[in-house]
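**Q** structure33.txt is the file, holding compact mmCIF, C-alpha atoms:
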```txt
# COMPACT_ATOMS: atom_id res chain seq x y z
CA MET A 254 0.00 0.00 0.00
CA ASN A 255 1.51 3.32 -1.05
CA ASP A 256 0.26 5.43 1.85
CA PRO A 257 -1.04 3.38 4.78
CA VAL A 258 -1.54 6.43 6.98
CA ARG A 259 -3.75 8.17 4.42
CA ALA A 260 -5.71 4.94 3.96
CA TRP A 261 -6.06 4.62 7.73
CA HIS A 262 -7.54 8.10 8.10
CA ARG A 263 -9.90 7.46 5.20
CA LEU A 264 -11.19 4.16 6.59
CA ALA A 265 -11.03 4.63 10.36
CA GLY A 266 -14.51 6.08 10.88
CA GLY A 267 -16.32 3.03 9.50
CA SER A 268 -13.94 0.20 10.41
CA VAL A 269 -13.22 -2.10 13.33
CA LEU A 270 -9.98 -1.30 15.15
CA LEU A 271 -7.80 -4.38 15.69
CA ASP A 272 -5.56 -3.32 18.53
CA GLY A 273 -2.41 -5.41 18.82
CA PHE A 274 -0.82 -8.42 17.15
CA HIS A 275 -3.12 -11.01 18.70
CA ALA A 276 -6.31 -9.23 17.63
CA LEU A 277 -5.03 -9.02 14.05
CA LYS A 278 -3.88 -12.65 14.13
CA HIS A 279 -7.29 -13.91 15.24
CA ALA A 280 -9.21 -11.72 12.83
CA LEU A 281 -7.17 -13.00 9.89
CA ARG A 282 -7.61 -16.61 10.98
CA PHE A 283 -11.37 -16.21 10.92
CA GLY A 284 -11.62 -14.51 7.56
CA ALA A 285 -11.73 -10.81 8.39
CA GLU A 286 -11.22 -8.38 5.54
CA VAL A 287 -8.30 -6.17 6.61
CA PRO A 288 -7.57 -3.31 4.20
CA VAL A 289 -4.73 -1.71 6.19
CA ALA A 290 -2.36 -2.78 8.97
CA VAL A 291 0.55 -0.87 10.47
CA THR A 292 3.34 -1.52 12.92
CA ALA A 293 6.15 0.45 14.46
CA ASP A 294 8.47 -2.57 14.18
CA ARG A 295 7.81 -4.81 11.20
CA ARG A 296 10.71 -7.17 11.92
CA ALA A 297 9.52 -7.76 15.48
CA ALA A 298 5.92 -8.31 14.35
CA LEU A 299 6.95 -10.91 11.77
CA ALA A 300 9.22 -12.61 14.29
CA LEU A 301 6.23 -12.84 16.64
CA ALA A 302 4.23 -14.37 13.81
CA GLU A 303 6.97 -16.94 13.14
CA GLU A 304 6.83 -17.94 16.80
CA LEU A 305 3.12 -17.78 17.60
CA ALA A 306 1.16 -17.74 14.35
CA PRO A 307 3.08 -19.22 11.41
CA ASP A 308 -0.25 -19.88 9.68
CA VAL A 309 -0.74 -16.15 9.08
CA ARG A 310 2.91 -15.10 8.79
CA ASP A 311 2.87 -14.75 5.00
CA THR A 312 -0.40 -12.83 5.09
CA LEU A 313 1.07 -10.44 7.63
CA ASP A 314 4.23 -10.07 5.58
CA ALA A 315 2.16 -8.85 2.65
CA LEU A 316 -0.15 -6.70 4.76
CA LEU A 317 1.94 -4.91 7.38
CA SER A 318 3.35 -1.47 6.67
CA GLU A 319 5.99 -0.02 8.98
CA VAL A 320 5.44 3.55 10.17
CA PRO A 321 7.33 5.67 12.69
CA ARG A 322 6.48 4.87 16.31
CA GLU A 323 5.05 8.37 16.80
CA THR A 324 2.80 7.90 13.79
CA TYR A 325 1.61 4.52 15.05
CA ALA A 326 0.86 6.01 18.47
CA SER A 327 -1.18 8.80 16.85
CA LEU A 328 -3.47 6.29 15.11
CA VAL A 329 -4.65 4.36 18.18
CA PRO A 330 -6.20 5.51 21.45
CA ARG A 331 -3.81 3.40 23.54
CA PRO A 332 -0.62 1.95 22.00
CA HIS A 333 -0.37 -1.82 22.35
CA PRO A 334 2.87 -3.45 23.58
CA THR A 335 3.21 -5.27 20.24
CA ALA A 336 2.99 -1.95 18.34
CA VAL A 337 0.62 -3.47 15.78
CA ALA A 338 -2.77 -2.13 14.70
CA ALA A 339 -5.13 -2.73 11.80
CA LEU A 340 -8.54 -1.79 10.49
CA ALA A 341 -11.04 -4.48 9.51
CA VAL A 342 -14.39 -4.46 7.77
CA ARG A 343 -17.20 -5.23 10.21
CA PRO A 344 -19.24 -8.31 9.22
CA SER A 345 -22.63 -7.42 7.82
CA ARG A 346 -25.47 -7.31 10.32
CA GLU A 347 -27.62 -9.26 7.89
CA ALA A 348 -25.09 -12.12 7.78
CA ASN A 349 -24.83 -12.22 11.57
CA LEU A 350 -28.61 -12.24 11.96
CA ARG A 351 -28.86 -15.15 9.51
CA THR A 352 -26.29 -17.06 11.55
CA LEU A 353 -28.15 -16.39 14.79
CA ALA A 354 -31.51 -17.36 13.27
CA HIS A 355 -30.31 -20.52 11.54
CA ALA A 356 -31.91 -23.71 12.78
CA PRO A 357 -31.06 -26.22 13.97
CA ARG A 358 -28.13 -24.74 15.88
CA SER A 359 -25.18 -26.89 16.92
CA ALA A 360 -24.10 -24.54 19.74
CA PRO A 361 -25.79 -22.05 22.09
CA VAL A 362 -26.21 -18.32 21.71
CA ILE A 363 -24.95 -16.19 24.62
CA VAL A 364 -27.08 -13.19 25.66
CA LEU A 365 -25.64 -10.44 27.83
CA ASP A 366 -28.65 -8.63 29.24
CA GLN A 367 -27.89 -4.91 29.57
CA PRO A 368 -24.16 -5.36 30.26
CA ARG A 369 -22.20 -2.36 31.55
CA ASN A 370 -18.52 -3.27 31.48
CA LEU A 371 -16.82 -3.13 28.08
CA GLY A 372 -13.91 -5.31 29.09
CA ASN A 373 -16.17 -8.03 30.49
CA ALA A 374 -18.18 -8.07 27.26
CA GLY A 375 -14.96 -8.56 25.31
CA ALA A 376 -13.89 -11.40 27.57
CA VAL A 377 -17.25 -13.12 27.02
CA ILE A 378 -16.88 -12.88 23.24
CA ARG A 379 -13.43 -14.44 23.53
CA LEU A 380 -14.91 -17.29 25.60
CA ALA A 381 -17.79 -17.78 23.17
CA ALA A 382 -15.36 -18.07 20.27
CA GLY A 383 -13.25 -20.57 22.17
CA PHE A 384 -16.23 -22.80 22.92
CA GLY A 385 -17.63 -22.50 19.40
CA ALA A 386 -20.82 -20.72 20.48
CA THR A 387 -23.09 -19.60 17.66
CA GLY A 388 -22.92 -15.97 18.74
CA VAL A 389 -23.05 -13.32 21.43
CA VAL A 390 -25.99 -10.92 21.65
CA THR A 391 -26.18 -7.88 23.89
CA THR A 392 -29.29 -6.00 24.93
CA GLY A 393 -29.31 -2.43 26.18
CA THR A 394 -27.03 0.42 25.25
CA LEU A 395 -23.56 -1.16 25.26
CA ASP A 396 -22.10 -1.46 21.75
CA PRO A 397 -20.55 -4.95 21.45
CA TRP A 398 -18.30 -3.63 18.65
CA HIS A 399 -16.89 -0.78 20.74
CA PRO A 400 -13.06 -0.66 20.37
CA THR A 401 -12.59 -1.57 24.04
CA VAL A 402 -14.82 -4.63 23.62
CA VAL A 403 -12.93 -5.68 20.50
CA ARG A 404 -9.65 -5.26 22.39
CA GLY A 405 -10.96 -7.44 25.23
CA GLY A 406 -12.12 -10.01 22.68
CA ALA A 407 -8.65 -10.23 21.10
CA GLY A 408 -10.10 -9.97 17.59
CA LEU A 409 -12.38 -12.98 18.07
CA HIS A 410 -15.50 -11.01 17.12
CA PHE A 411 -14.79 -12.47 13.69
CA ALA A 412 -15.06 -16.04 14.99
CA THR A 413 -18.67 -15.78 16.18
CA ALA A 414 -21.77 -13.69 15.39
CA VAL A 415 -21.82 -10.55 17.57
CA GLU A 416 -24.85 -8.23 17.52
CA ARG A 417 -26.99 -5.98 19.70
CA LEU A 418 -30.72 -6.84 19.76
CA ASP A 419 -33.84 -6.01 21.72
CA VAL A 420 -35.17 -8.73 24.00
CA ASP A 421 -38.11 -9.40 21.67
CA GLU A 422 -35.65 -9.97 18.80
CA LEU A 423 -33.61 -12.72 20.48
CA PRO A 424 -32.97 -15.90 18.48
CA ARG A 425 -35.39 -18.76 18.89
CA GLY A 426 -34.61 -21.59 21.23
CA PRO A 427 -35.16 -22.53 24.86
CA LEU A 428 -34.11 -19.57 26.97
CA PHE A 429 -32.05 -20.45 30.06
CA ALA A 430 -31.19 -17.52 32.31
CA LEU A 431 -28.66 -17.57 35.13
CA ASP A 432 -30.09 -16.44 38.45
CA PRO A 433 -29.38 -17.30 42.11
CA GLU A 434 -33.00 -18.40 42.50
CA GLY A 435 -32.73 -20.94 39.69
CA GLU A 436 -32.29 -24.71 39.60
CA ASP A 437 -28.77 -26.01 40.16
CA ILE A 438 -27.16 -26.13 36.73
CA ARG A 439 -25.38 -29.37 37.58
CA GLY A 440 -28.67 -31.25 37.29
CA VAL A 441 -29.58 -29.83 33.87
CA LYS A 442 -28.37 -30.84 30.39
CA LEU A 443 -28.22 -27.77 28.19
CA PRO A 444 -29.37 -28.39 24.60
CA ASP A 445 -27.27 -27.24 21.67
CA ASP A 446 -29.95 -24.77 20.58
CA ALA A 447 -30.12 -23.11 24.00
CA VAL A 448 -30.14 -19.35 24.42
CA LEU A 449 -28.07 -18.68 27.56
CA ALA A 450 -28.77 -15.33 29.20
CA PHE A 451 -26.71 -13.51 31.83
CA GLY A 452 -27.71 -10.36 33.68
CA SER A 453 -25.39 -7.57 34.69
CA GLU A 454 -23.30 -8.08 37.82
CA ARG A 455 -24.92 -5.10 39.52
CA SER A 456 -28.61 -5.54 38.77
CA GLY A 457 -29.03 -9.07 37.43
CA LEU A 458 -31.63 -9.94 34.82
CA SER A 459 -33.95 -7.27 33.52
CA ALA A 460 -37.66 -7.77 34.16
CA GLU A 461 -38.27 -7.96 30.41
CA LEU A 462 -35.85 -10.82 29.87
CA ARG A 463 -36.86 -12.64 33.03
CA SER A 464 -40.49 -12.64 31.85
CA ARG A 465 -39.46 -14.46 28.65
CA THR A 466 -37.23 -17.04 30.36
CA ASP A 467 -38.11 -20.72 30.08
CA HIS A 468 -35.70 -21.95 32.77
CA LEU A 469 -33.80 -20.24 35.58
CA LEU A 470 -30.44 -21.83 36.41
CA ALA A 471 -28.04 -21.23 39.28
CA LEU A 472 -24.30 -21.81 39.39
CA PRO A 473 -22.88 -23.56 42.47
CA MET A 474 -21.67 -20.92 44.90
CA ARG A 475 -20.49 -20.92 48.47
CA PRO A 476 -22.88 -19.22 50.93
CA GLN A 477 -22.16 -15.55 51.58
CA VAL A 478 -20.38 -15.15 48.22
CA SER A 479 -22.56 -12.68 46.37
CA SER A 480 -21.69 -13.27 42.72
CA TYR A 481 -19.18 -14.34 40.09
CA ASN A 482 -17.59 -12.13 37.50
CA LEU A 483 -19.70 -12.12 34.31
CA ALA A 484 -17.05 -13.80 32.18
CA THR A 485 -16.51 -16.44 34.86
CA SER A 486 -20.25 -17.21 34.90
CA VAL A 487 -20.30 -17.58 31.12
CA ALA A 488 -17.22 -19.81 31.20
CA MET A 489 -18.74 -22.10 33.83
CA THR A 490 -21.99 -22.37 31.89
CA LEU A 491 -20.35 -23.06 28.54
CA TYR A 492 -18.08 -25.63 30.14
CA HIS A 493 -21.13 -27.35 31.63
CA TRP A 494 -22.75 -27.38 28.17
CA SER A 495 -19.63 -28.81 26.55
CA ALA A 496 -19.08 -31.41 29.28
CA THR A 497 -22.63 -32.75 29.08
CA GLY A 498 -22.85 -33.30 25.36
CA GLY A 499 -21.95 -30.12 23.51
CA ALA A 500 -18.49 -29.52 22.09
CA PRO A 501 -16.47 -26.71 20.55
CA ALA A 502 -16.76 -26.46 16.77
CA SER A 503 -13.92 -28.23 14.99
```
The structure in this file should be written as structure tokens.
**A**
Amino acid sequence: MNDPVRAWHRLAGGSVLLDGFHALKHALRFGAEVPVAVTADRRAALALAEELAPDVRDTLDALLSEVPRETYASLVPRPHPTAVAALAVRPSREANLRTLAHAPRSAPVIVLDQPRNLGNAGAVIRLAAGFGATGVVTTGTLDPWHPTVVRGGAGLHFATAVERLDVDELPRGPLFALDPEGEDIRGVKLPDDAVLAFGSERSGLSAELRSRTDHLLALPMRPQVSSYNLATSVAMTLYHWSATGGAPAS
């Protein structure tokens, strides 16, 4: 690319920021379209690829443009230790909605009901990708494609369908919501087409989502411990699903 900085400024407003080597690596592995990528140290970035991601090393070699460190730092809100950044094309909403609506599903959909913490949302998307979940849906005002969420997800938004929907737009399937008043999850087998909903750590499930829930489930928890971190709750639930019949996509 003749002028990566000019291309960056032209594309930045409508693109997904991939912040750091690992976010770019994951996005490329899962088919993201990446029109521009920059680094302050091309040799170090390619050496990292040789060590950790040889499958995308040649792609990175063709894609990465080296720019001065000051220029790199001016393009991102918070420079990453790997000094790598890229812009990717966001998957179409229509394609994600088709994925979420497809039946039968071979893996659950995760719903974050009115989440508040951007970093936690990113961690959940990373977990969902690792377990091969069909997608992650948020309700409420948090944008699941916010740069901080994408950073927390390490670029794995491109490995699963990520969208924001209203409660009445949620994908079909039996809706299981996590709540301290629910049935112990250890006695329940979660079906592959389950919709697994998690409330915010502060306020729990919204009344609207609770009213639509088919089953309330509770995670095992020692008395007097008030709650788990959101990502921890999702991890425990997805592990239970995988251990009782479901499995990560191959």
**Q** Mind listing as JSON, numbers by chain all residues within 10 Å of (-18.3, -11.0, 23.9), counting only C-alpha atoms?
**A** {"A": [363, 364, 365, 371, 372, 373, 374, 375, 376, 377, 378, 379, 380, 381, 382, 388, 389, 390, 391, 397, 398, 402, 403, 405, 406, 409, 410, 413, 414, 415, 416, 484, 487]}
**Q** Output C-alpha atoms for every residue in the selection just made, as a PDB file, in the frame of the given file.
**A**
```
ATOM      1  CA  ILE A 363     -24.950 -16.190  24.620  1.00  0.00           C
ATOM      2  CA  VAL A 364     -27.080 -13.190  25.660  1.00  0.00           C
ATOM      3  CA  LEU A 365     -25.640 -10.440  27.830  1.00  0.00           C
ATOM      4  CA  LEU A 371     -16.820  -3.130  28.080  1.00  0.00           C
ATOM      5  CA  GLY A 372     -13.910  -5.310  29.090  1.00  0.00           C
ATOM      6  CA  ASN A 373     -16.170  -8.030  30.490  1.00  0.00           C
ATOM      7  CA  ALA A 374     -18.180  -8.070  27.260  1.00  0.00           C
ATOM      8  CA  GLY A 375     -14.960  -8.560  25.310  1.00  0.00           C
ATOM      9  CA  ALA A 376     -13.890 -11.400  27.570  1.00  0.00           C
ATOM     10  CA  VAL A 377     -17.250 -13.120  27.020  1.00  0.00           C
ATOM     11  CA  ILE A 378     -16.880 -12.880  23.240  1.00  0.00           C
ATOM     12  CA  ARG A 379     -13.430 -14.440  23.530  1.00  0.00           C
ATOM     13  CA  LEU A 380     -14.910 -17.290  25.600  1.00  0.00           C
ATOM     14  CA  ALA A 381     -17.790 -17.780  23.170  1.00  0.00           C
ATOM     15  CA  ALA A 382     -15.360 -18.070  20.270  1.00  0.00           C
ATOM     16  CA  GLY A 388     -22.920 -15.970  18.740  1.00  0.00           C
ATOM     17  CA  VAL A 389     -23.050 -13.320  21.430  1.00  0.00           C
ATOM     18  CA  VAL A 390     -25.990 -10.920  21.650  1.00  0.00           C
ATOM     19  CA  THR A 391     -26.180  -7.880  23.890  1.00  0.00           C
ATOM     20  CA  PRO A 397     -20.550  -4.950  21.450  1.00  0.00           C
ATOM     21  CA  TRP A 398     -18.300  -3.630  18.650  1.00  0.00           C
ATOM     22  CA  VAL A 402     -14.820  -4.630  23.620  1.00  0.00           C
ATOM     23  CA  VAL A 403     -12.930  -5.680  20.500  1.00  0.00           C
ATOM     24  CA  GLY A 405     -10.960  -7.440  25.230  1.00  0.00           C
ATOM     25  CA  GLY A 406     -12.120 -10.010  22.680  1.00  0.00           C
ATOM     26  CA  LEU A 409     -12.380 -12.980  18.070  1.00  0.00           C
ATOM     27  CA  HIS A 410     -15.500 -11.010  17.120  1.00  0.00           C
ATOM     28  CA  THR A 413     -18.670 -15.780  16.180  1.00  0.00           C
ATOM     29  CA  ALA A 414     -21.770 -13.690  15.390  1.00  0.00           C
ATOM     30  CA  VAL A 415     -21.820 -10.550  17.570  1.00  0.00           C
ATOM     31  CA  GLU A 416     -24.850  -8.230  17.520  1.00  0.00           C
ATOM     32  CA  ALA A 484     -17.050 -13.800  32.180  1.00  0.00           C
ATOM     33  CA  VAL A 487     -20.300 -17.580  31.120  1.00  0.00           C
TER      34      VAL A 487
END
```
**Q** Using only C-alpha atoms, which residues sit within 9 Å of segment 432-439 of chain A once same-chain residues fewer than 4 positions away are excluded, as a list of chain:residue names?
**A** A:Leu443, A:Phe451, A:Gly452, A:Gly457, A:Leu458, A:His468, A:Leu469, A:Leu470, A:Ala471, A:Leu472, A:Pro473, A:Met474, A:Ser480, A:Thr490, A:His493
**Q** Using only C-alpha atoms, give me every residue within 6 Å of (-26.4, -20.8, 27.4) in file coordinates, as a PyMOL selection string.
**A** chain A and resi 361+363+447-449
**Q** Excluding same-chain residues fewer than 5 positions from Leu395 of chain A, what lies within 8 Å of it counting only C-alpha atoms, as a list in words?
**A**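 These residues fall inside the cut-off: Gln367, Pro368, Arg369 and Leu371 of chain A.
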**Q** Find the spatial neighbours of segment 329-346 of chain A, counting all atoms listed in the file, within a cut-off of 10 Å - ignore same-chain residues fewer than 6 positions away - and output them as a PyMOL selection string.
**A** chain A and resi 260-261+264-277+280-281+284-295+297-298+301+316-319+322+352+398+400-401+404+408+410-411+414-417
**Q** At what distance in Å, to one decimal, does atom CA of Arg259 of chain A lie from atom CA of Lys278 of chain A?
**A**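 According to the coordinates, atom CA of Lys278 of chain A and atom CA of Arg259 of chain A are separated by 23.0 Å.
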**Q** Interatomic distance between atom CA of Ser359 of chain A and atom CA of Asp445 of chain A?
**A**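 Computed distance, atom CA of Ser359 of chain A to atom CA of Asp445 of chain A, equals 5.2 Å.
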**Q** What is the atom CA of Thr392 of chain A-atom CA of Ala356 of chain A distance in Å, reported with one decimal?
**A**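 Rounded to one decimal, the two atoms are 21.6 Å apart.
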**Q** Ranking A:Phe429, A:Tyr481, A:Phe384, A:Trp494 by minimum distance to Leu462 of chain A and counting all atoms listed in the file, which one comes first?
**A** A:Phe429
**Q** Measuring atom to atom with only C-alpha atoms, identify which of A:Ala348, A:Leu299, A:Leu418, A:Val362 is nearest to Asp446 of chain A.
**A**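 Of A:Ala348, A:Leu299, A:Leu418, A:Val362, the one nearest Asp446 of chain A, counting only C-alpha atoms, is A:Val362.
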**Q** Just checking: using all atoms listed in the file, which residue out of A:Asn370, A:Thr324, A:Thr387, A:Thr394 ends up closest to Leu353 of chain A?
**A**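 So, comparing all the options, the nearest one is A:Thr387.
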**Q** Take segment 368-392 of chain A, bring it up to N, CA, C and O atoms, and give me the output as a compact mmCIF listing (two decimals), in the frame of the given file.
**A**
```txt
# COMPACT_ATOMS: atom_id res chain seq x y z
N PRO A 368 -25.49 -5.39 29.63
CA PRO A 368 -24.16 -5.36 30.26
C PRO A 368 -23.66 -3.92 30.38
O PRO A 368 -24.09 -3.03 29.65
N ARG A 369 -22.72 -3.71 31.29
CA ARG A 369 -22.20 -2.36 31.55
C ARG A 369 -20.70 -2.27 31.30
O ARG A 369 -20.21 -1.21 30.92
N ASN A 370 -19.97 -3.34 31.53
CA ASN A 370 -18.52 -3.27 31.48
C ASN A 370 -18.01 -3.72 30.12
O ASN A 370 -18.22 -4.86 29.71
N LEU A 371 -17.30 -2.84 29.43
CA LEU A 371 -16.82 -3.13 28.08
C LEU A 371 -15.82 -4.27 28.07
O LEU A 371 -15.86 -5.15 27.21
N GLY A 372 -14.91 -4.26 29.04
CA GLY A 372 -13.91 -5.31 29.09
C GLY A 372 -14.50 -6.68 29.35
O GLY A 372 -14.08 -7.68 28.74
N ASN A 373 -15.50 -6.76 30.23
CA ASN A 373 -16.17 -8.03 30.49
C ASN A 373 -16.88 -8.55 29.24
O ASN A 373 -16.88 -9.76 28.96
N ALA A 374 -17.51 -7.65 28.49
CA ALA A 374 -18.18 -8.07 27.26
C ALA A 374 -17.16 -8.65 26.29
O ALA A 374 -17.42 -9.67 25.62
N GLY A 375 -15.99 -8.02 26.18
CA GLY A 375 -14.96 -8.56 25.31
C GLY A 375 -14.49 -9.93 25.75
O GLY A 375 -14.29 -10.83 24.93
N ALA A 376 -14.32 -10.11 27.05
CA ALA A 376 -13.89 -11.40 27.57
C ALA A 376 -14.92 -12.49 27.27
O ALA A 376 -14.56 -13.63 26.96
N VAL A 377 -16.20 -12.14 27.33
CA VAL A 377 -17.25 -13.12 27.02
C VAL A 377 -17.20 -13.52 25.55
O VAL A 377 -17.35 -14.70 25.21
N ILE A 378 -16.96 -12.56 24.67
CA ILE A 378 -16.88 -12.88 23.24
C ILE A 378 -15.70 -13.81 22.98
O ILE A 378 -15.79 -14.76 22.19
N ARG A 379 -14.60 -13.56 23.67
CA ARG A 379 -13.43 -14.44 23.53
C ARG A 379 -13.77 -15.86 24.00
O ARG A 379 -13.40 -16.85 23.35
N LEU A 380 -14.48 -15.98 25.12
CA LEU A 380 -14.91 -17.29 25.60
C LEU A 380 -15.85 -17.97 24.61
O LEU A 380 -15.71 -19.16 24.32
N ALA A 381 -16.82 -17.22 24.11
CA ALA A 381 -17.79 -17.78 23.17
C ALA A 381 -17.09 -18.33 21.93
O ALA A 381 -17.44 -19.41 21.43
N ALA A 382 -16.11 -17.59 21.44
CA ALA A 382 -15.36 -18.07 20.27
C ALA A 382 -14.61 -19.35 20.60
O ALA A 382 -14.58 -20.30 19.81
N GLY A 383 -14.01 -19.39 21.78
CA GLY A 383 -13.25 -20.57 22.17
C GLY A 383 -14.10 -21.81 22.30
O GLY A 383 -13.65 -22.92 21.98
N PHE A 384 -15.33 -21.66 22.77
CA PHE A 384 -16.23 -22.80 22.92
C PHE A 384 -17.03 -23.09 21.66
O PHE A 384 -17.81 -24.04 21.62
N GLY A 385 -16.87 -22.28 20.62
CA GLY A 385 -17.63 -22.50 19.40
C GLY A 385 -19.08 -22.12 19.49
O GLY A 385 -19.92 -22.69 18.79
N ALA A 386 -19.43 -21.17 20.37
CA ALA A 386 -20.82 -20.72 20.48
C ALA A 386 -21.26 -20.10 19.16
O ALA A 386 -20.45 -19.55 18.40
N THR A 387 -22.56 -20.16 18.90
CA THR A 387 -23.09 -19.60 17.66
C THR A 387 -22.90 -18.09 17.61
O THR A 387 -22.60 -17.52 16.55
N GLY A 388 -23.08 -17.41 18.74
CA GLY A 388 -22.92 -15.97 18.74
C GLY A 388 -23.09 -15.39 20.13
O GLY A 388 -23.42 -16.10 21.09
N VAL A 389 -22.85 -14.08 20.20
CA VAL A 389 -23.05 -13.32 21.43
C VAL A 389 -23.95 -12.13 21.09
O VAL A 389 -23.65 -11.36 20.18
N VAL A 390 -25.03 -12.01 21.84
CA VAL A 390 -25.99 -10.92 21.65
C VAL A 390 -26.01 -10.08 22.91
O VAL A 390 -26.03 -10.62 24.03
N THR A 391 -25.99 -8.77 22.75
CA THR A 391 -26.18 -7.88 23.89
C THR A 391 -27.51 -7.17 23.76
O THR A 391 -27.98 -6.89 22.65
N THR A 392 -28.13 -6.89 24.90
CA THR A 392 -29.29 -6.00 24.93
C THR A 392 -28.86 -4.72 25.64
O THR A 392 -27.83 -4.68 26.31
```
